[in-house]
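Asks: Here you go, this is input06.cif (mmCIF, C-alpha atoms).
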data_protein
loop_
_atom_site.label_atom_id
_atom_site.label_comp_id
_atom_site.auth_asym_id
_atom_site.auth_seq_id
_atom_site.Cartn_x
_atom_site.Cartn_y
_atom_site.Cartn_z
CA MET A 1 -84.82 -163.03 4.56
CA GLY A 2 -81.10 -163.48 5.03
CA GLN A 3 -80.47 -163.54 1.28
CA ALA A 4 -78.73 -160.47 -0.11
CA VAL A 5 -80.86 -158.37 -2.40
CA SER A 6 -79.49 -155.33 -4.18
CA PHE A 7 -81.32 -152.02 -4.04
CA ARG A 8 -80.91 -151.85 -7.82
CA GLY A 9 -81.22 -155.38 -9.10
CA GLU A 10 -80.38 -158.89 -7.89
CA GLY A 11 -77.20 -159.87 -6.08
CA VAL A 12 -74.60 -157.75 -4.36
CA SER A 13 -73.53 -154.63 -6.25
CA ASN A 14 -69.81 -154.05 -6.80
CA SER A 15 -70.39 -150.31 -6.49
CA THR A 16 -71.71 -150.19 -2.96
CA LEU A 17 -71.15 -147.43 -0.44
CA LEU A 18 -71.69 -148.91 3.02
CA ILE A 19 -72.54 -146.62 5.93
CA CYS A 20 -72.50 -148.54 9.18
CA THR A 21 -72.66 -147.67 12.84
CA VAL A 22 -69.88 -148.99 15.06
CA GLY A 23 -70.54 -150.26 18.58
CA GLY A 24 -68.60 -152.16 21.20
CA SER A 25 -68.62 -155.47 19.26
CA PRO A 26 -66.72 -155.60 15.94
CA GLU A 27 -68.32 -158.87 14.78
CA PRO A 28 -71.58 -157.35 13.39
CA VAL A 29 -69.57 -154.79 11.42
CA VAL A 30 -67.38 -157.54 9.97
CA ALA A 31 -70.47 -159.58 9.06
CA THR A 32 -72.05 -156.73 7.13
CA LEU A 33 -68.73 -155.98 5.38
CA LYS A 34 -68.49 -159.62 4.28
CA GLN A 35 -72.12 -159.53 3.11
CA TRP A 36 -71.96 -156.40 0.99
CA ARG A 37 -68.25 -156.21 0.06
CA PRO A 38 -68.46 -152.45 -0.49
CA VAL A 39 -65.99 -150.42 -2.49
CA ARG A 40 -66.34 -147.53 -0.01
CA VAL A 41 -67.22 -147.50 3.68
CA ARG A 42 -68.20 -144.76 6.11
CA PHE A 43 -67.82 -145.96 9.69
CA VAL A 44 -70.13 -143.98 11.98
CA HIS A 45 -68.57 -144.08 15.42
CA THR A 46 -68.33 -142.23 18.73
CA PRO A 47 -65.11 -141.05 20.42
CA GLN A 48 -65.21 -144.29 22.44
CA THR A 49 -65.26 -146.59 19.36
CA LYS A 50 -63.10 -144.58 16.96
CA ASP A 51 -59.95 -146.64 17.52
CA ASP A 52 -61.85 -149.94 17.21
CA VAL A 53 -62.09 -149.53 13.41
CA ALA A 54 -58.35 -149.74 12.79
CA ALA A 55 -57.55 -151.90 15.80
CA LYS A 56 -60.32 -154.52 15.54
CA VAL A 57 -62.56 -154.26 12.46
CA VAL A 58 -59.90 -153.92 9.76
CA PRO A 59 -57.71 -156.82 11.00
CA MET A 60 -60.74 -159.11 11.35
CA VAL A 61 -61.93 -158.27 7.84
CA ARG A 62 -58.50 -158.93 6.38
CA ALA A 63 -58.40 -162.24 8.22
CA GLU A 64 -61.59 -163.13 6.33
CA GLY A 65 -59.80 -162.50 3.01
CA MET A 66 -61.26 -159.04 2.35
CA ASP A 67 -59.03 -156.10 1.52
CA LEU A 68 -59.95 -152.93 3.38
CA ASP A 69 -57.06 -150.52 3.07
CA ALA A 70 -57.14 -147.02 4.54
CA GLY A 71 -58.04 -145.48 1.21
CA ARG A 72 -61.34 -147.33 1.03
CA TYR A 73 -62.92 -146.17 4.25
CA ASP A 74 -63.59 -142.95 6.14
CA LEU A 75 -64.47 -142.24 9.75
CA PHE A 76 -67.51 -140.19 10.67
CA GLU A 77 -67.75 -139.25 14.33
CA LEU A 78 -70.86 -138.60 16.41
CA PRO A 79 -69.70 -136.64 19.49
CA ASP A 80 -72.40 -138.05 21.77
CA GLY A 81 -73.93 -141.42 20.98
CA GLN A 82 -76.55 -140.96 23.71
CA ASP A 83 -77.97 -137.69 22.35
CA LEU A 84 -80.55 -138.31 19.60
CA ALA A 85 -80.77 -134.67 18.49
CA SER A 86 -76.98 -134.36 18.28
CA CYS A 87 -76.75 -137.60 16.28
CA LEU A 88 -79.38 -136.37 13.82
CA ASP A 89 -77.67 -132.99 13.39
CA HIS A 90 -74.38 -134.64 12.50
CA LEU A 91 -75.81 -137.41 10.31
CA ARG A 92 -77.45 -134.82 8.07
CA LEU A 93 -73.93 -133.98 6.90
CA LEU A 94 -73.81 -137.34 5.14
CA THR A 95 -76.72 -136.47 2.84
CA PRO A 96 -74.51 -134.87 0.13
CA VAL A 97 -72.19 -137.91 0.28
CA VAL A 98 -75.12 -140.26 -0.29
CA SER A 99 -76.65 -138.13 -3.04
CA GLU A 100 -73.35 -137.83 -4.90
CA TRP A 101 -72.74 -141.58 -4.73
CA ALA A 102 -76.24 -142.53 -5.88
CA ALA A 103 -76.06 -139.98 -8.73
CA ARG A 104 -73.10 -141.77 -10.31
CA GLY A 105 -75.30 -144.31 -12.04
CA GLU A 106 -77.72 -147.21 -11.72
CA SER A 107 -75.06 -149.62 -10.44
CA PHE A 108 -74.11 -147.38 -7.52
CA GLN A 109 -76.05 -148.22 -4.38
CA VAL A 110 -75.96 -147.11 -0.76
CA VAL A 111 -76.42 -149.59 2.08
CA VAL A 112 -77.02 -148.40 5.65
CA ASP A 113 -76.36 -150.88 8.44
CA PHE A 114 -77.56 -149.73 11.86
CA THR A 115 -76.69 -152.80 13.92
CA GLY A 116 -73.82 -151.39 15.98
CA GLY A 117 -73.69 -148.46 18.35
CA THR A 118 -76.13 -147.06 20.85
CA LYS A 119 -79.89 -147.13 20.50
CA CYS A 120 -79.80 -143.38 19.83
CA MET A 121 -77.30 -143.91 17.02
CA SER A 122 -79.46 -146.61 15.42
CA ALA A 123 -82.62 -144.52 15.76
CA ALA A 124 -80.95 -141.42 14.38
CA ILE A 125 -79.47 -143.08 11.33
CA GLY A 126 -82.79 -144.84 10.68
CA ILE A 127 -84.62 -141.51 10.75
CA GLN A 128 -82.07 -139.72 8.60
CA ALA A 129 -81.57 -142.54 6.10
CA SER A 130 -85.33 -142.86 5.57
CA ARG A 131 -84.99 -139.96 3.14
CA TRP A 132 -81.90 -141.28 1.39
CA PRO A 133 -81.92 -143.44 -1.75
CA CYS A 134 -80.53 -146.38 0.19
CA PHE A 135 -80.97 -149.92 1.37
CA PHE A 136 -81.24 -150.96 5.04
CA SER A 137 -79.30 -153.86 6.48
CA TYR A 138 -79.31 -155.34 9.98
CA VAL A 139 -77.13 -158.05 11.46
CA GLY A 140 -78.65 -160.54 13.86
CA GLY A 141 -78.32 -164.22 14.64
CA ASN A 142 -79.99 -167.34 15.96
CA GLU A 143 -77.73 -167.67 18.99
CA ARG A 144 -77.72 -165.05 21.75
CA THR A 145 -76.32 -164.85 25.24
CA LYS A 146 -78.48 -164.57 28.38
CA ASP A 147 -80.83 -167.38 27.34
CA GLY A 148 -81.57 -165.82 23.97
CA VAL A 149 -82.18 -162.20 24.98
CA GLY A 150 -78.60 -160.88 25.07
CA VAL A 151 -76.17 -160.08 22.30
CA VAL A 152 -75.54 -162.33 19.31
CA VAL A 153 -72.97 -165.00 19.99
CA SER A 154 -69.71 -164.29 18.16
CA GLY A 155 -69.56 -166.32 14.97
CA ALA A 156 -73.36 -166.73 14.73
CA GLU A 157 -74.00 -163.39 13.00
CA LYS A 158 -76.05 -163.19 9.82
CA ILE A 159 -77.95 -160.57 7.86
CA VAL A 160 -81.49 -161.00 9.12
CA HIS A 161 -83.22 -158.11 7.45
CA GLN A 162 -82.68 -156.09 4.32
CA ALA A 163 -85.13 -153.55 3.02
CA ASN A 164 -85.46 -150.45 0.92
CA PRO A 165 -86.77 -147.97 3.52
CA TRP A 166 -88.83 -146.20 0.89
CA ASP A 167 -90.96 -149.32 0.48
CA ALA A 168 -91.88 -149.11 4.16
CA LEU A 169 -91.72 -145.37 4.76
CA GLY A 170 -93.12 -144.08 1.48
CA HIS A 171 -96.29 -143.22 3.37
CA GLN A 172 -94.56 -140.02 4.49
CA ALA A 173 -94.12 -139.03 0.86
CA VAL A 174 -97.83 -139.75 0.29
CA GLU A 175 -98.70 -137.49 3.22
CA ASP A 176 -96.54 -134.74 1.72
CA TYR A 177 -98.30 -135.32 -1.60
CA VAL A 178 -101.73 -134.96 0.01
CA VAL A 179 -100.82 -131.63 1.63
CA LEU A 180 -99.52 -130.20 -1.65
CA PHE A 181 -102.43 -131.62 -3.64
CA ASP A 182 -105.05 -130.05 -1.38
CA GLN A 183 -103.24 -126.71 -1.68
CA HIS A 184 -103.67 -127.04 -5.47
CA ALA A 185 -99.87 -127.26 -5.84
CA PHE A 186 -100.42 -130.05 -8.32
CA LEU A 187 -97.09 -129.90 -10.14
CA ALA A 188 -95.20 -130.02 -6.83
CA ALA A 189 -97.36 -132.96 -5.69
CA ALA A 190 -96.68 -134.80 -8.96
CA ASN A 191 -92.94 -134.26 -8.46
CA VAL A 192 -93.11 -135.74 -4.94
CA ALA A 193 -94.77 -138.87 -6.35
CA ALA A 194 -92.32 -139.09 -9.27
CA VAL A 195 -89.21 -138.75 -7.09
CA THR A 196 -90.50 -141.31 -4.58
CA MET A 197 -91.42 -143.70 -7.38
CA LYS A 198 -87.76 -143.80 -8.46
CA ARG A 199 -86.68 -144.71 -4.93
CA VAL A 200 -89.07 -147.54 -4.14
CA SER A 201 -88.31 -151.10 -5.19
CA ARG A 202 -91.69 -152.82 -5.00
CA ALA A 203 -93.69 -152.91 -8.20
CA ASP A 204 -96.99 -152.35 -6.40
CA ARG A 205 -95.63 -149.22 -4.68
CA LYS A 206 -94.46 -147.89 -8.04
CA ARG A 207 -97.91 -148.40 -9.53
CA GLU A 208 -99.59 -146.66 -6.60
CA LEU A 209 -97.30 -143.65 -6.86
CA ALA A 210 -97.76 -143.56 -10.64
CA SER A 211 -101.52 -143.24 -10.14
CA LEU A 212 -100.95 -140.31 -7.75
CA GLU A 213 -98.56 -138.66 -10.19
CA GLN A 214 -101.07 -138.96 -13.03
CA LEU A 215 -103.87 -137.53 -10.87
CA ALA A 216 -101.83 -134.46 -9.92
CA LYS A 217 -100.61 -133.94 -13.48
CA ALA A 218 -104.19 -134.19 -14.74
CA LEU A 219 -105.38 -131.38 -12.50
CA ASP A 220 -102.28 -129.30 -13.19
CA ALA A 221 -103.08 -129.57 -16.91
CA TRP A 222 -106.70 -128.62 -16.20
CA ASP A 223 -105.64 -125.51 -14.29
CA ARG A 224 -103.64 -124.53 -17.39
CA PHE A 225 -106.74 -125.09 -19.57
CA ASP A 226 -105.12 -128.11 -21.26
CA HIS A 227 -108.36 -130.04 -21.07
CA THR A 228 -107.43 -132.78 -23.54
CA THR A 229 -104.32 -133.80 -21.61
CA SER A 230 -106.27 -133.62 -18.37
CA LYS A 231 -109.00 -135.91 -19.65
CA ASN A 232 -106.51 -138.48 -20.94
CA LEU A 233 -104.64 -138.55 -17.63
CA LEU A 234 -107.85 -138.81 -15.59
CA ASN A 235 -108.94 -141.77 -17.71
CA SER A 236 -105.57 -143.40 -16.98
CA VAL A 237 -106.12 -142.86 -13.26
CA SER A 238 -109.55 -144.51 -13.52
CA LYS A 239 -107.92 -147.52 -15.17
CA SER A 240 -105.57 -147.74 -12.17
CA ALA A 241 -108.46 -147.64 -9.70
CA ASN A 242 -107.15 -150.51 -7.56
CA ASP A 243 -103.75 -148.82 -7.18
CA LEU A 244 -105.42 -145.57 -6.14
CA ARG A 245 -107.60 -147.38 -3.60
CA SER A 246 -104.53 -149.16 -2.27
CA VAL A 247 -102.53 -145.99 -1.65
CA LEU A 248 -105.42 -143.81 -0.41
CA GLY A 249 -107.55 -146.44 1.27
CA ALA A 250 -110.79 -147.91 -0.04
CA THR A 251 -113.19 -145.24 1.25
CA ARG A 252 -111.11 -142.25 0.27
CA GLY A 253 -110.08 -143.90 -3.00
CA ASP A 254 -113.70 -144.50 -4.02
CA ARG A 255 -114.59 -140.90 -3.15
CA VAL A 256 -111.77 -139.60 -5.33
CA LEU A 257 -112.65 -141.97 -8.19
CA ASN A 258 -116.29 -140.83 -8.10
CA GLY A 259 -115.05 -137.25 -8.29
CA ILE A 260 -112.87 -138.15 -11.27
CA ASP A 261 -115.89 -139.61 -13.08
CA ARG A 262 -117.74 -136.30 -12.67
CA LEU A 263 -114.72 -134.33 -13.88
CA VAL A 264 -114.32 -136.51 -16.96
CA GLU A 265 -118.01 -135.99 -17.71
CA HIS A 266 -117.53 -132.22 -17.53
CA LEU A 267 -114.47 -132.42 -19.79
CA GLY A 268 -116.47 -134.43 -22.29
CA GLN A 269 -119.14 -131.71 -22.32
CA LEU A 270 -116.44 -129.08 -22.85
CA GLU A 271 -115.05 -131.02 -25.81
CA GLN A 272 -118.46 -131.35 -27.45
CA ALA A 273 -119.59 -127.74 -26.92
CA PRO A 274 -118.33 -125.20 -29.46
CA PRO A 275 -117.04 -122.17 -27.54
CA PRO A 276 -118.33 -120.01 -26.10
CA SER A 277 -120.73 -122.21 -24.14
CA GLY A 278 -122.20 -122.48 -20.69
CA HIS A 279 -119.72 -125.29 -19.94
CA HIS A 280 -116.82 -122.95 -20.66
CA VAL A 281 -118.34 -120.38 -18.31
CA LEU A 282 -118.62 -122.95 -15.51
CA ASP A 283 -115.02 -123.99 -16.05
CA LEU A 284 -113.77 -120.39 -15.89
CA LEU A 285 -115.76 -119.72 -12.74
CA ALA A 286 -114.39 -122.85 -11.06
CA ASN A 287 -110.84 -121.93 -12.08
CA ALA A 288 -111.30 -118.44 -10.64
CA LYS A 289 -112.56 -119.94 -7.36
CA ARG A 290 -109.48 -122.18 -7.07
CA ARG A 291 -107.16 -119.21 -7.59
CA LYS A 292 -109.09 -117.30 -4.93
CA ASP A 293 -108.74 -120.23 -2.50
CA GLU A 294 -104.98 -120.04 -3.04
CA GLY A 295 -104.98 -116.32 -2.25
CA ARG A 296 -103.98 -115.45 -5.83
CA PHE A 297 -106.52 -112.67 -6.29
CA ASP A 298 -104.95 -111.12 -9.39
CA ASP A 299 -105.24 -114.48 -11.17
CA ALA A 300 -108.69 -115.07 -9.71
CA VAL A 301 -110.11 -111.74 -10.90
CA ALA A 302 -108.50 -112.14 -14.33
CA ARG A 303 -110.36 -115.42 -14.76
CA LEU A 304 -113.53 -113.97 -13.28
CA TYR A 305 -113.37 -111.07 -15.75
CA ARG A 306 -113.07 -113.57 -18.61
CA ALA A 307 -115.97 -115.60 -17.23
CA ILE A 308 -118.21 -112.50 -17.05
CA GLU A 309 -117.23 -111.63 -20.61
CA ALA A 310 -117.96 -115.21 -21.72
CA ILE A 311 -121.43 -115.06 -20.10
CA ALA A 312 -122.30 -112.12 -22.37
CA GLN A 313 -120.85 -113.89 -25.41
CA VAL A 314 -122.92 -116.99 -24.70
CA ALA A 315 -126.07 -114.90 -24.26
CA LEU A 316 -125.45 -113.06 -27.54
CA LYS A 317 -124.72 -116.30 -29.39
CA ASN A 318 -127.59 -118.39 -28.05
CA GLY A 319 -130.22 -115.68 -27.80
CA HIS A 320 -129.39 -113.31 -30.64
CA GLY A 321 -127.34 -115.20 -33.22
CA VAL A 322 -124.14 -113.22 -32.64
CA GLU A 323 -121.48 -115.88 -33.23
CA SER A 324 -118.48 -113.71 -32.43
CA THR A 325 -118.20 -110.43 -30.54
CA GLU A 326 -115.06 -109.72 -32.57
CA LYS A 327 -117.20 -109.34 -35.70
CA VAL A 328 -120.70 -108.14 -34.83
CA PRO A 329 -122.72 -107.12 -37.92
CA LEU A 330 -123.98 -103.57 -37.48
CA GLU A 331 -127.30 -104.70 -38.87
CA LYS A 332 -127.85 -106.74 -35.69
CA VAL A 333 -127.16 -103.74 -33.45
CA PRO A 334 -130.14 -101.59 -32.33
CA GLU A 335 -130.11 -97.99 -33.52
CA SER A 336 -128.83 -96.28 -30.36
CA PRO A 337 -125.55 -98.19 -29.93
CA ARG A 338 -125.20 -98.59 -33.72
CA THR A 339 -124.85 -94.82 -34.11
CA THR A 340 -122.13 -94.77 -31.45
CA TRP A 341 -120.20 -97.76 -32.80
CA ALA A 342 -120.49 -97.03 -36.52
CA ALA A 343 -117.38 -94.83 -36.50
CA ARG A 344 -115.16 -97.74 -35.46
CA ALA A 345 -116.84 -100.32 -37.70
CA SER A 346 -115.03 -101.86 -40.66
CA GLU A 347 -116.74 -103.54 -43.58
CA GLY A 348 -120.05 -103.52 -41.77
CA VAL A 349 -118.85 -105.25 -38.60
CA VAL A 350 -117.66 -103.98 -35.24
CA ALA A 351 -115.54 -105.55 -32.48
CA LEU A 352 -117.01 -105.33 -28.98
CA GLY A 353 -115.40 -105.49 -25.54
CA LEU A 354 -116.98 -106.65 -22.30
CA GLN A 355 -118.85 -103.43 -21.50
CA ASP A 356 -120.04 -103.21 -25.12
CA ASP A 357 -121.31 -106.79 -24.98
CA TYR A 358 -123.56 -106.02 -22.05
CA ALA A 359 -124.61 -102.69 -23.54
CA LEU A 360 -125.73 -104.59 -26.63
CA LEU A 361 -127.62 -107.13 -24.52
CA ALA A 362 -129.38 -104.32 -22.67
CA ALA A 363 -130.29 -102.62 -25.97
CA LEU A 364 -131.67 -105.93 -27.22
CA GLY A 365 -133.84 -106.22 -24.10
CA ASP A 366 -131.97 -109.28 -22.84
CA PRO A 367 -132.39 -109.76 -19.05
CA VAL A 368 -128.67 -110.57 -18.71
CA GLY A 369 -127.88 -107.02 -19.82
CA LYS A 370 -130.17 -105.57 -17.14
CA LYS A 371 -128.69 -107.87 -14.47
CA PHE A 372 -125.25 -106.54 -15.35
CA GLN A 373 -126.39 -102.95 -14.95
CA ASP A 374 -128.32 -103.65 -11.74
CA ALA A 375 -125.19 -105.28 -10.25
CA GLY A 376 -123.29 -102.01 -10.73
CA LEU A 377 -120.86 -103.58 -13.19
CA SER A 378 -121.27 -101.00 -15.93
CA GLY A 379 -119.52 -97.65 -16.11
CA THR A 380 -116.24 -96.28 -14.76
CA LYS A 381 -117.04 -97.16 -11.12
CA SER A 382 -117.46 -100.86 -11.87
CA PRO A 383 -115.29 -103.23 -9.78
CA LEU A 384 -114.27 -104.69 -13.15
CA VAL A 385 -112.04 -101.64 -13.58
CA ALA A 386 -109.72 -103.14 -10.97
CA ARG A 387 -108.89 -105.92 -13.38
CA ASN A 388 -107.89 -103.44 -16.09
CA ARG A 389 -105.58 -101.66 -13.64
CA SER A 390 -104.01 -104.90 -12.37
CA VAL A 391 -100.49 -106.00 -13.23
CA LEU A 392 -101.97 -108.90 -15.23
CA ALA A 393 -103.88 -106.52 -17.49
CA HIS A 394 -102.89 -102.90 -18.20
CA GLY A 395 -101.62 -101.48 -14.92
CA PHE A 396 -99.47 -102.18 -11.89
CA GLU A 397 -102.01 -102.34 -9.07
CA ARG A 398 -102.53 -105.35 -6.84
CA VAL A 399 -106.03 -106.79 -6.86
CA SER A 400 -107.45 -107.22 -3.37
CA ASP A 401 -109.73 -109.95 -2.04
CA ALA A 402 -112.47 -107.32 -1.71
CA VAL A 403 -112.64 -106.97 -5.49
CA PHE A 404 -113.14 -110.70 -5.91
CA GLU A 405 -115.82 -110.78 -3.21
CA LYS A 406 -117.73 -108.01 -5.03
CA LEU A 407 -117.52 -109.70 -8.42
CA TRP A 408 -118.08 -113.33 -7.39
CA PRO A 409 -121.81 -113.23 -6.49
CA SER A 410 -122.53 -111.05 -9.53
CA ALA A 411 -120.78 -113.53 -11.82
CA LEU A 412 -122.77 -116.45 -10.39
CA SER A 413 -125.99 -114.49 -10.77
CA LEU A 414 -125.24 -113.53 -14.38
CA ALA A 415 -124.45 -117.18 -15.16
CA GLY A 416 -127.61 -118.33 -13.37
CA VAL A 417 -125.73 -120.89 -11.25
CA ASP A 418 -124.63 -121.39 -7.66
CA ALA A 419 -121.16 -122.38 -6.49
CA SER A 420 -122.21 -125.97 -5.75
CA SER A 421 -122.91 -126.59 -9.45
CA LEU A 422 -119.34 -125.82 -10.49
CA PRO A 423 -116.93 -128.66 -11.34
CA SER A 424 -114.84 -129.30 -8.23
CA PHE A 425 -111.52 -131.06 -7.76
CA PRO A 426 -111.27 -133.87 -5.20
CA VAL A 427 -109.83 -133.22 -1.74
CA LEU A 428 -107.56 -135.94 -0.39
CA ALA A 429 -107.18 -135.11 3.30
CA GLU A 430 -109.28 -137.28 5.60
CA GLY A 431 -112.33 -135.57 7.06
CA ARG A 432 -112.63 -133.09 4.19
CA SER A 433 -114.77 -133.22 1.07
#
As structure tokens, how would this structure be written, given the file I've shared?

Replies:
Amino acid sequence: MGQAVSFRGEGVSNSTLLICTVGGSPEPVVATLKQWRPVRVRFVHTPQTKDDVAAKVVPMVRAEGMDLDAGRYDLFELPDGQDLASCLDHLRLLTPVVSEWAARGESFQVVVDFTGGTKCMSAAIGIQASRWPCFFSYVGGNERTKDGVGVVVSGAEKIVHQANPWDALGHQAVEDYVVLFDQHAFLAAANVAAVTMKRVSRADRKRELASLEQLAKALDAWDRFDHTTSKNLLNSVSKSANDLRSVLGATRGDRVLNGIDRLVEHLGQLEQAPPPSGHHVLDLLANAKRRKDEGRFDDAVARLYRAIEAIAQVALKNGHGVESTEKVPLEKVPESPRTTWAARASEGVVALGLQDDYALLAALGDPVGKKFQDAGLSGTKSPLVARNRSVLAHGFERVSDAVFEKLWPSALSLAGVDASSLPSFPVLAEGRS
């Protein structure tokens, strides 16, 4: 445990920035300087310990054969070492320094030693540094005053603990991931996992975060109708089942993995079914529901409109042999609508829109056409008109939640399904399903 381990590789890096708190005893600071031999140092001190750096620490380090000239270190003052909030406020100012140093390259590492100073100083720098790409160091020793419970005896100091805080505190990043994931902010969740994965050192933590990143990317691809990419990524997540169980817990992990199996099954059905099909309708309805849950009603109604159109296309294809509503042979159109549509026909075929599709179904005596009419979806007063006037279609009006609520039950009825039969994405938060 006392052996030095670099945040990026084995051994002590020669491109280390050391940030260390300074207390009343210079010996722990000297010990950590000897251990890490940094090229730059930021001494975090209070007004009471400011002069100790030049008066005590630097001479002792030089006596140990280490050069620490004034150009290699900076002082960073905390006005009140007993005020946790004040310490945190000031330590945040070091974040750009840390980020700039770490961004220089793989060999540049940041070590934070919190041995010296007040308890508030140590707590504050531990909290703040938990979000830095850094390495923690602590100086202790086997010999202490006061029968082993006092301070370390001078000369007995040693590095007793070194750790990448992200290995221990990465759970906070996982919690952030879960919140974003359950809000359907899948790309943002994937980015949280990816950034954290770069900061952790342990191979098992990297694998766990990789499984989370793949899961979020899979559902982000699905929401963009990139079903092939989604299926491939979900299969990769299933292959990393143990990593997913490890990061989410066995019970929650198994629940998510079971959900993934159902989603992969649905994607397989989508792949095998030539569009339009009932599987495509279910997928559109589920996508519309997710957009509604996010409060994105323009997107939700746009997808709902397409789902309602697809329901008619499936009914015409499966029940009446109309393969494409873009090229409907006039010979398959009953006399009444045929007379109306003949003027816009070309080479014996006519292209139909949503209202035309349902008009044709009604003329053919298909019950889906009558359902559409009974739901009040035909004509100029149809709630579907709101989609045409929306900014995502042909107008500049905002679609309200009321429009979605009018269309949603009608769409489910036309499709002959209920909401529980739609493919659903897993929910990660405990106590939810």

Asks: Have a look at atom CA of A:Val58 and atom CA of A:Leu33 and let me know their distance in Å, one decimal.

Replies: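 Atom-to-atom, atom CA of A:Val58 and atom CA of A:Leu33 are spaced 10.1 Å apart.
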
Asks: Let me know the residues the PyMOL selection byres ((chain A and resi 87) around 12) catches in the file above, as number ranges by chain.

Replies: A: 21, 44-46, 76-86, 88-94, 117-128

Asks: For the file shown, report as a list of chain:residue names the outcome of the PyMOL selection byres ((chain A and resi 175) around 12) at residue level.

Replies: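 Here the PyMOL selection byres ((chain A and resi 175) around 12) matches A:Leu169, A:Gly170, A:His171, A:Gln172, A:Ala173, A:Val174, A:Asp176, A:Tyr177, A:Val178, A:Val179, A:Leu180, A:Phe181, A:Asp182, A:Ala189, A:Val192, A:Ala193, A:Thr196, A:Leu209, A:Leu212, A:Val247, A:Leu248, A:Leu428, A:Ala429, A:Glu430.
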
Asks: Which residue out of A:Val349, A:Val200, A:Leu304, A:Cys134 has the minimum interatomic distance to A:Leu407 when all atoms listed in the file are used?

Replies: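 The closest residue to A:Leu407 is A:Leu304.
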
Asks: Pick out the residues sitting within 8 Å of A:Glu208, and hand them over as a list in words; count all atoms listed in the file, and ignore anything fewer than 6 positions along from it in its own chain.

Replies: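 The neighbour list is Asp243, Leu244, Ser246 and Val247 of chain A.
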
Asks: Residue by residue, what does the PyMOL selection byres ((chain A and resi 70-72) around 7) grab here? Present the result as a PyMOL selection string.

Replies: chain A and resi 39-41+68-69+73

Asks: Between atom CA of A:Ser346 and atom CA of A:Tyr358, what is the distance in Å, rounded to a tenth?

Replies: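 Between atom CA of A:Ser346 and atom CA of A:Tyr358 the gap works out to 20.9 Å.
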
Asks: Please determine, counting only C-alpha atoms, which residue among A:Asp113, A:Glu323, A:Asp223, A:Asp74 has the shortest atom-to-atom distance to A:Val97.

Replies: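 Using only C-alpha atoms, A:Val97 sits closest to A:Asp74.
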
Asks: In Å, with one decimal, what is the gap from atom CA of A:Arg296 to atom CA of A:Ala419?

Replies: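 Calculated distance between atom CA of A:Arg296 and atom CA of A:Ala419 is 18.5 Å.
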
Asks: List as a count of residues only the residues having at least one atom at most 6 Å from position (-107.9, -128.5, -8.3) as given in the file, counting all atoms listed in the file.

Replies: 3

Asks: Counting all atoms listed in the file, find residues at most 12 Å from (-103.9, -147.7, -10.0) (file frame) and give them as a ChimeraX atom specification.

Replies: /A:203-215,233-249,253-254,257
